[in-house]
Structures are given as structure tokens and as C-alpha cells.
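Listing of final_0.tsv; format and content: TSV, C-alpha atoms.
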chain	number	residue	atom	x	y	z
A	1	MET	CA	105.36	147.46	33.22
A	2	THR	CA	108.16	149.52	31.73
A	3	VAL	CA	111.92	149.43	32.15
A	4	LYS	CA	111.83	152.85	33.77
A	5	SER	CA	109.18	151.80	36.33
A	6	ILE	CA	111.19	148.67	37.20
A	7	LEU	CA	114.40	150.65	37.67
A	8	LYS	CA	112.69	153.46	39.59
A	9	SER	CA	111.20	150.95	42.05
A	10	LEU	CA	114.55	149.20	42.39
A	11	SER	CA	116.35	152.50	42.95
A	12	GLU	CA	113.86	153.57	45.61
A	13	ALA	CA	114.15	150.23	47.41
A	14	ASN	CA	117.93	150.37	47.15
A	15	ASN	CA	117.97	153.90	48.61
A	16	THR	CA	115.56	152.91	51.40
A	17	ASN	CA	117.97	150.18	52.48
A	18	ASN	CA	120.79	152.75	52.54
A	19	THR	CA	119.02	155.49	54.55
A	20	ASN	CA	119.67	153.79	57.87
A	21	ASN	CA	123.44	153.93	57.29
A	22	THR	CA	125.57	156.99	57.84
A	23	ASN	CA	128.12	155.88	55.23
A	24	ASN	CA	125.45	155.13	52.54
A	25	THR	CA	126.45	151.48	52.15
A	26	ASN	CA	123.99	148.65	52.09
A	27	ASN	CA	124.24	146.22	55.00
A	28	THR	CA	121.35	144.03	53.86
A	29	GLU	CA	122.32	140.39	53.41
A	30	ILE	CA	120.44	137.52	51.83
A	31	TYR	CA	121.11	133.83	51.26
A	32	TYR	CA	122.17	133.24	47.67
A	33	TYR	CA	123.08	129.71	46.59
A	34	GLY	CA	123.59	128.79	50.24
A	35	SER	CA	125.87	131.67	51.19
A	36	LYS	CA	125.17	134.99	52.88
A	37	VAL	CA	125.83	137.83	50.43
A	38	LYS	CA	125.33	141.58	50.35
A	39	TYR	CA	122.07	142.58	48.70
A	40	GLY	CA	121.83	145.72	46.65
A	41	PHE	CA	122.56	147.31	43.30
A	42	ASN	CA	124.99	149.94	42.05
A	43	PHE	CA	123.48	152.26	39.46
A	44	ASN	CA	125.58	154.14	36.92
A	45	LYS	CA	124.97	157.46	35.24
A	46	GLY	CA	122.69	156.96	32.24
A	47	ALA	CA	124.08	156.96	28.71
A	48	THR	CA	123.60	160.14	26.69
A	49	ASP	CA	121.89	160.24	23.29
A	50	THR	CA	125.31	160.80	21.69
A	51	GLU	CA	126.78	157.77	23.47
A	52	LEU	CA	123.84	155.64	22.32
A	53	ARG	CA	124.13	156.82	18.70
A	54	ASN	CA	127.88	156.10	18.74
A	55	PHE	CA	127.23	152.65	20.23
A	56	GLU	CA	124.66	151.79	17.54
A	57	THR	CA	127.03	153.06	14.85
A	58	LYS	CA	129.89	150.88	16.16
A	59	ILE	CA	127.81	147.71	16.23
A	60	GLY	CA	125.92	148.51	13.04
A	61	TYR	CA	122.46	147.80	14.48
A	62	THR	CA	119.66	149.69	16.21
A	63	ILE	CA	119.09	148.43	19.76
A	64	PRO	CA	115.55	147.68	21.01
A	65	SER	CA	113.73	150.61	22.60
A	66	ASP	CA	113.31	148.93	26.01
A	67	TYR	CA	117.04	148.22	26.19
A	68	LYS	CA	117.80	151.78	25.10
A	69	GLU	CA	115.52	153.02	27.91
A	70	PHE	CA	117.57	150.95	30.37
A	71	LEU	CA	120.87	152.41	29.17
A	72	GLN	CA	119.45	155.94	29.39
A	73	TYR	CA	118.43	155.33	33.01
A	74	THR	CA	121.61	153.51	34.06
A	75	ASN	CA	124.50	152.62	31.79
A	76	GLY	CA	125.02	149.18	33.33
A	77	LEU	CA	123.96	147.79	36.69
A	78	GLU	CA	126.11	145.95	39.21
A	79	PHE	CA	124.76	143.45	41.71
A	80	GLN	CA	126.53	143.85	45.05
A	81	ASN	CA	127.09	140.09	45.30
A	82	ASP	CA	129.47	140.38	42.30
A	83	ASP	CA	127.87	137.26	40.78
A	84	ALA	CA	125.79	139.02	38.12
A	85	LYS	CA	126.01	142.22	36.14
A	86	ILE	CA	124.24	144.08	33.39
A	87	LEU	CA	127.05	145.49	31.31
A	88	ASP	CA	127.67	149.12	30.43
A	89	ILE	CA	128.34	150.21	26.83
A	90	LYS	CA	132.14	150.05	27.22
A	91	GLU	CA	131.98	146.48	28.55
A	92	ILE	CA	129.58	145.44	25.78
A	93	LEU	CA	131.97	146.76	23.14
A	94	GLU	CA	134.86	144.90	24.81
A	95	CYS	CA	132.87	141.64	24.65
A	96	TYR	CA	131.95	142.44	21.06
A	97	GLU	CA	135.65	142.51	20.18
A	98	ILE	CA	136.82	139.61	22.37
A	99	PHE	CA	134.24	136.91	21.66
A	100	ASP	CA	133.70	135.43	18.23
A	101	TYR	CA	129.92	135.61	18.38
A	102	PRO	CA	127.67	136.55	15.46
A	103	LYS	CA	127.73	140.35	15.14
A	104	HIS	CA	123.95	140.59	15.67
A	105	MET	CA	124.30	138.99	19.14
A	106	ILE	CA	125.57	141.48	21.73
A	107	ILE	CA	126.38	140.42	25.28
A	108	ILE	CA	124.41	142.63	27.67
A	109	ALA	CA	124.77	140.78	30.98
A	110	THR	CA	126.60	138.03	32.82
A	111	SER	CA	125.46	135.57	35.45
A	112	LEU	CA	127.13	132.99	37.67
A	113	SER	CA	130.36	135.01	37.85
A	114	SER	CA	130.52	135.43	34.05
A	115	GLN	CA	130.03	131.71	33.41
A	116	LEU	CA	126.93	132.66	31.42
A	117	HIS	CA	126.55	135.42	28.86
A	118	ILE	CA	123.13	136.94	28.24
A	119	ALA	CA	122.69	138.44	24.77
A	120	ILE	CA	120.20	140.40	22.68
A	121	ASN	CA	119.55	139.15	19.17
A	122	LEU	CA	119.52	142.41	17.19
A	123	LEU	CA	117.93	140.72	14.18
A	124	SER	CA	114.72	140.11	16.15
A	125	SER	CA	111.84	142.53	15.84
A	126	GLU	CA	111.00	144.91	18.68
A	127	ASN	CA	108.39	142.71	20.42
A	128	ASP	CA	110.06	139.33	19.87
A	129	ASN	CA	111.62	137.12	22.48
A	130	ASN	CA	115.08	138.48	21.73
A	131	ILE	CA	117.09	137.47	24.83
A	132	TYR	CA	119.44	134.51	24.64
A	133	VAL	CA	121.97	132.84	26.92
A	134	VAL	CA	125.22	131.04	26.15
A	135	ASP	CA	128.00	129.43	28.16
A	136	PRO	CA	131.06	130.90	26.43
A	137	ILE	CA	133.11	127.76	27.03
A	138	ALA	CA	130.72	124.81	26.82
A	139	ASP	CA	127.94	125.84	24.44
A	140	ASP	CA	128.06	125.85	20.67
A	141	TYR	CA	124.82	127.80	20.32
A	142	PHE	CA	122.71	130.51	21.96
A	143	ILE	CA	119.55	129.36	23.74
A	144	SER	CA	116.44	131.56	23.74
A	145	ILE	CA	115.10	132.29	27.21
A	146	LYS	CA	111.75	133.32	25.70
A	147	SER	CA	111.59	136.93	26.83
A	148	ASP	CA	112.15	140.46	25.64
A	149	PHE	CA	114.49	142.78	27.53
A	150	THR	CA	111.82	144.21	29.88
A	151	GLU	CA	110.67	140.76	30.99
A	152	PHE	CA	114.27	139.58	31.32
A	153	LEU	CA	115.19	142.63	33.43
A	154	ASN	CA	112.26	142.17	35.80
A	155	ARG	CA	113.00	138.47	36.32
A	156	PHE	CA	116.79	138.85	36.49
A	157	LEU	CA	116.50	141.52	39.18
A	158	SER	CA	113.83	139.58	41.09
A	159	CYS	CA	116.06	136.50	41.35
A	160	TYR	CA	119.15	138.62	42.02
A	161	GLY	CA	120.98	137.61	38.87
A	162	SER	CA	120.37	133.90	39.10
A	163	ASP	CA	119.78	131.76	36.01
A	164	TYR	CA	115.98	131.72	36.44
A	165	TRP	CA	115.46	130.39	32.90
A	166	ASN	CA	116.77	127.00	34.08
A	167	TRP	CA	114.39	126.72	37.01
A	168	GLY	CA	111.60	125.25	34.89
A	169	LEU	CA	113.87	122.57	33.44
A	170	ASP	CA	113.50	120.28	36.43
A	171	THR	CA	113.54	116.68	35.28
A	172	SER	CA	112.83	115.15	38.70
A	173	ASP	CA	109.36	114.07	37.58
A	174	ASN	CA	110.74	112.01	34.69
A	175	VAL	CA	110.22	108.29	35.04
A	176	LEU	CA	112.89	105.83	34.02
A	177	LYS	CA	111.83	102.86	31.98
A	178	ILE	CA	112.81	99.81	34.03
A	179	GLU	CA	112.18	96.21	33.08
A	180	GLU	CA	110.78	94.09	35.79
Would you write the structure of this file as C-alpha cells?
Amino acid sequence: MTVKSILKSLSEANNTNNTNNTNNTNNTEIYYYGSKVKYGFNFNKGATDTELRNFETKIGYTIPSDYKEFLQYTNGLEFQNDDAKILDIKEILECYEIFDYPKHMIIIATSLSSQLHIAINLLSSENDNNIYVVDPIADDYFISIKSDFTEFLNRFLSCYGSDYWNWGLDTSDNVLKIEE
């Protein structure tokens, strides 16, 4: 599975939902965290090679090829529920200046209405698990979500921007030690 194939499928599904409307807006709704929300995605024009070179020059690192492929297809991606977003280059650079994160960690997405920042570790090698998450207020460290950008993208889109990496952290099967 490639980034381009994921985005092409998403774009086709997004357009299929819009073909029944005369005003090209998506009327599909889903339940998301208990509320009915609009379902769909807003694609942007892809970044040019010049924009990507300038971006890499500004941050001082080469971005992973799968992430570069994403930016070439769509420079950012908005979820219509406004709860999650994959940032465009301008927004990434704004975060890069605002937040005092290590320079090799760039924020590429937000979830839970920007309560969580998703970052790429630019010191990781191409095929490493290079995606991390941090709560910009509560956390003192980035937590690996054990995926590369392609895997992250597929899962993040499938769960409509939810924090899927926490789903496996269920502690309901833990047993308390109780003296009798």
C-alpha cells in the first residue's frame, strides 16, 4: 500500500459522496465520539518540488519519501468534522516556530481539536517507526505510536482522525490485588 493509493481511494470515495449533491458539499454524517458529525475530507493542491525543497531547507532536514509523496498529492488534509487535520507546509512551519520542540520533531497533524500533536522524527531512518504523539500541555515527552507515515495515514484516515494508538491501551482486564 502506498500513500498515493490511499489518497486516491479516499479522493474517489469523497467525490462519490459528493456526486449526489448539486452544490458539491458532502451531506454524509457519522457518529463520532457520540455526536453526529459531517464525514468527508478537504484536499488541497499538492506542494510543488520548489515548495518541498524550500521546506526542507528551512527545517534543515530531508523529509521521509512517503511523507513527501503525501505533500505532493495534497499539501495538508482537513477532516470535515474539524476535530483532526494533517497540516500543510505553512502550518507546519508555524508550529515549528511556536512550539519549543526538538528541531528534528516536526508537527504534521493534530487530533482531538489540537489537543494532540502528531510528529515525524526526522532523525529516524526511512523505514523506521518515525511517528510520535505529544500532548503539548500535559506531556514532557513524545510517545512513539510504532508506525511510519504510510501506516499512520491509513489508520488515521480509517478512524477519522481519532487517537487510534490509545485503543490498545485498555486496562480493563487488569486485576487488582485485594487481600481477603
Practice item. One decimal, Å: what's the distance from atom CA of Asn81 of chain A over to atom CA of Tyr101 of chain A, could you say? Key: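 Atom CA of Asn81 of chain A sits 27.4 Å away from atom CA of Tyr101 of chain A.
Atom CA of Phe152 of chain A sits 7.4 Å away from atom CA of Ile131 of chain A.
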Practice item. Would you mind reading off the distance between atom CA of Lys38 of chain A and atom CA of Leu116 of chain A, one decimal, in Å? Key: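 Atom CA of Lys38 of chain A sits 21.0 Å away from atom CA of Leu116 of chain A.
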Nearby residues (all atoms listed in the file) at most 10 Å from Lys103 of chain A, same-chain spacing under 4 positions excluded, as a tab-separated table (two decimals) with C-alpha atoms, in the coordinates of the input:
chain	number	residue	atom	x	y	z
A	59	ILE	CA	127.81	147.71	16.23
A	60	GLY	CA	125.92	148.51	13.04
A	61	TYR	CA	122.46	147.80	14.48
A	96	TYR	CA	131.95	142.44	21.06
A	97	GLU	CA	135.65	142.51	20.18
A	99	PHE	CA	134.24	136.91	21.66
A	121	ASN	CA	119.55	139.15	19.17
A	122	LEU	CA	119.52	142.41	17.19
A	123	LEU	CA	117.93	140.72	14.18
Check your understanding: Leaving out segment 153-157 of chain A and any residue of its chain fewer than 6 positions from it, which residues lie within 8 Å of it when counting only C-alpha atoms, given as a ChimeraX atom specification?
Key -> /A:3,6,163-164
Check your understanding: Which one is closest to Ala84 of chain A: A:Leu112, A:Ile143, A:Ile63, A:Leu71? Count all atoms listed in the file.
Key ->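 Under the stated criterion, the closest residue is A:Leu112.
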Point to revise | Test item: which residues lie within 10 Å of (125.6, 149.9, 29.8) counting all atoms listed in the file, as a PyMOL selection string | key: chain A and resi 44-47+52+67-68+70-77+85-93+108-109
Practice item. Identify which of the residues A:Ser65, A:Gln80, A:Asn54, A:Ser5 lies closest to Asn127 of chain A, counting only C-alpha atoms when measuring atom-to-atom distances. Key: A:Ser65
Can you complete the atoms of segment 56-69 of chain A to N, CA, C and O atoms and list them as a PDB file, in the coordinates of the input?
ATOM      1  N   GLU A  56     125.396 152.426  18.645  1.00  0.00           N
ATOM      2  CA  GLU A  56     124.660 151.790  17.540  1.00  0.00           C
ATOM      3  C   GLU A  56     125.474 151.854  16.239  1.00  0.00           C
ATOM      4  O   GLU A  56     125.461 150.905  15.452  1.00  0.00           O
ATOM      5  N   THR A  57     126.186 152.932  16.039  1.00  0.00           N
ATOM      6  CA  THR A  57     127.030 153.060  14.850  1.00  0.00           C
ATOM      7  C   THR A  57     128.158 152.023  14.878  1.00  0.00           C
ATOM      8  O   THR A  57     128.435 151.364  13.874  1.00  0.00           O
ATOM      9  N   LYS A  58     128.783 151.837  16.038  1.00  0.00           N
ATOM     10  CA  LYS A  58     129.890 150.880  16.160  1.00  0.00           C
ATOM     11  C   LYS A  58     129.444 149.448  15.928  1.00  0.00           C
ATOM     12  O   LYS A  58     130.181 148.657  15.331  1.00  0.00           O
ATOM     13  N   ILE A  59     128.265 149.093  16.407  1.00  0.00           N
ATOM     14  CA  ILE A  59     127.810 147.710  16.230  1.00  0.00           C
ATOM     15  C   ILE A  59     127.043 147.516  14.928  1.00  0.00           C
ATOM     16  O   ILE A  59     126.841 146.391  14.489  1.00  0.00           O
ATOM     17  N   GLY A  60     126.600 148.604  14.319  1.00  0.00           N
ATOM     18  CA  GLY A  60     125.920 148.510  13.040  1.00  0.00           C
ATOM     19  C   GLY A  60     124.461 148.084  13.111  1.00  0.00           C
ATOM     20  O   GLY A  60     123.884 147.652  12.123  1.00  0.00           O
ATOM     21  N   TYR A  61     123.867 148.192  14.274  1.00  0.00           N
ATOM     22  CA  TYR A  61     122.460 147.800  14.480  1.00  0.00           C
ATOM     23  C   TYR A  61     121.783 148.818  15.391  1.00  0.00           C
ATOM     24  O   TYR A  61     122.437 149.464  16.213  1.00  0.00           O
ATOM     25  N   THR A  62     120.474 148.907  15.283  1.00  0.00           N
ATOM     26  CA  THR A  62     119.660 149.690  16.210  1.00  0.00           C
ATOM     27  C   THR A  62     119.283 148.771  17.375  1.00  0.00           C
ATOM     28  O   THR A  62     118.855 147.634  17.152  1.00  0.00           O
ATOM     29  N   ILE A  63     119.449 149.247  18.597  1.00  0.00           N
ATOM     30  CA  ILE A  63     119.090 148.430  19.760  1.00  0.00           C
ATOM     31  C   ILE A  63     117.604 148.601  20.070  1.00  0.00           C
ATOM     32  O   ILE A  63     117.017 149.634  19.765  1.00  0.00           O
ATOM     33  N   PRO A  64     116.973 147.588  20.676  1.00  0.00           N
ATOM     34  CA  PRO A  64     115.550 147.680  21.010  1.00  0.00           C
ATOM     35  C   PRO A  64     115.265 148.849  21.953  1.00  0.00           C
ATOM     36  O   PRO A  64     116.097 149.213  22.786  1.00  0.00           O
ATOM     37  N   SER A  65     114.079 149.416  21.832  1.00  0.00           N
ATOM     38  CA  SER A  65     113.730 150.610  22.600  1.00  0.00           C
ATOM     39  C   SER A  65     113.738 150.371  24.109  1.00  0.00           C
ATOM     40  O   SER A  65     114.135 151.253  24.869  1.00  0.00           O
ATOM     41  N   ASP A  66     113.315 149.183  24.564  1.00  0.00           N
ATOM     42  CA  ASP A  66     113.310 148.930  26.010  1.00  0.00           C
ATOM     43  C   ASP A  66     114.744 148.842  26.551  1.00  0.00           C
ATOM     44  O   ASP A  66     115.037 149.308  27.646  1.00  0.00           O
ATOM     45  N   TYR A  67     115.642 148.283  25.766  1.00  0.00           N
ATOM     46  CA  TYR A  67     117.040 148.220  26.190  1.00  0.00           C
ATOM     47  C   TYR A  67     117.672 149.615  26.162  1.00  0.00           C
ATOM     48  O   TYR A  67     118.449 149.968  27.049  1.00  0.00           O
ATOM     49  N   LYS A  68     117.304 150.402  25.181  1.00  0.00           N
ATOM     50  CA  LYS A  68     117.800 151.780  25.100  1.00  0.00           C
ATOM     51  C   LYS A  68     117.320 152.570  26.320  1.00  0.00           C
ATOM     52  O   LYS A  68     118.076 153.351  26.907  1.00  0.00           O
ATOM     53  N   GLU A  69     116.080 152.348  26.723  1.00  0.00           N
ATOM     54  CA  GLU A  69     115.520 153.020  27.910  1.00  0.00           C
ATOM     55  C   GLU A  69     116.335 152.647  29.154  1.00  0.00           C
ATOM     56  O   GLU A  69     116.603 153.497  30.005  1.00  0.00           O
TER      57      GLU A  69
END
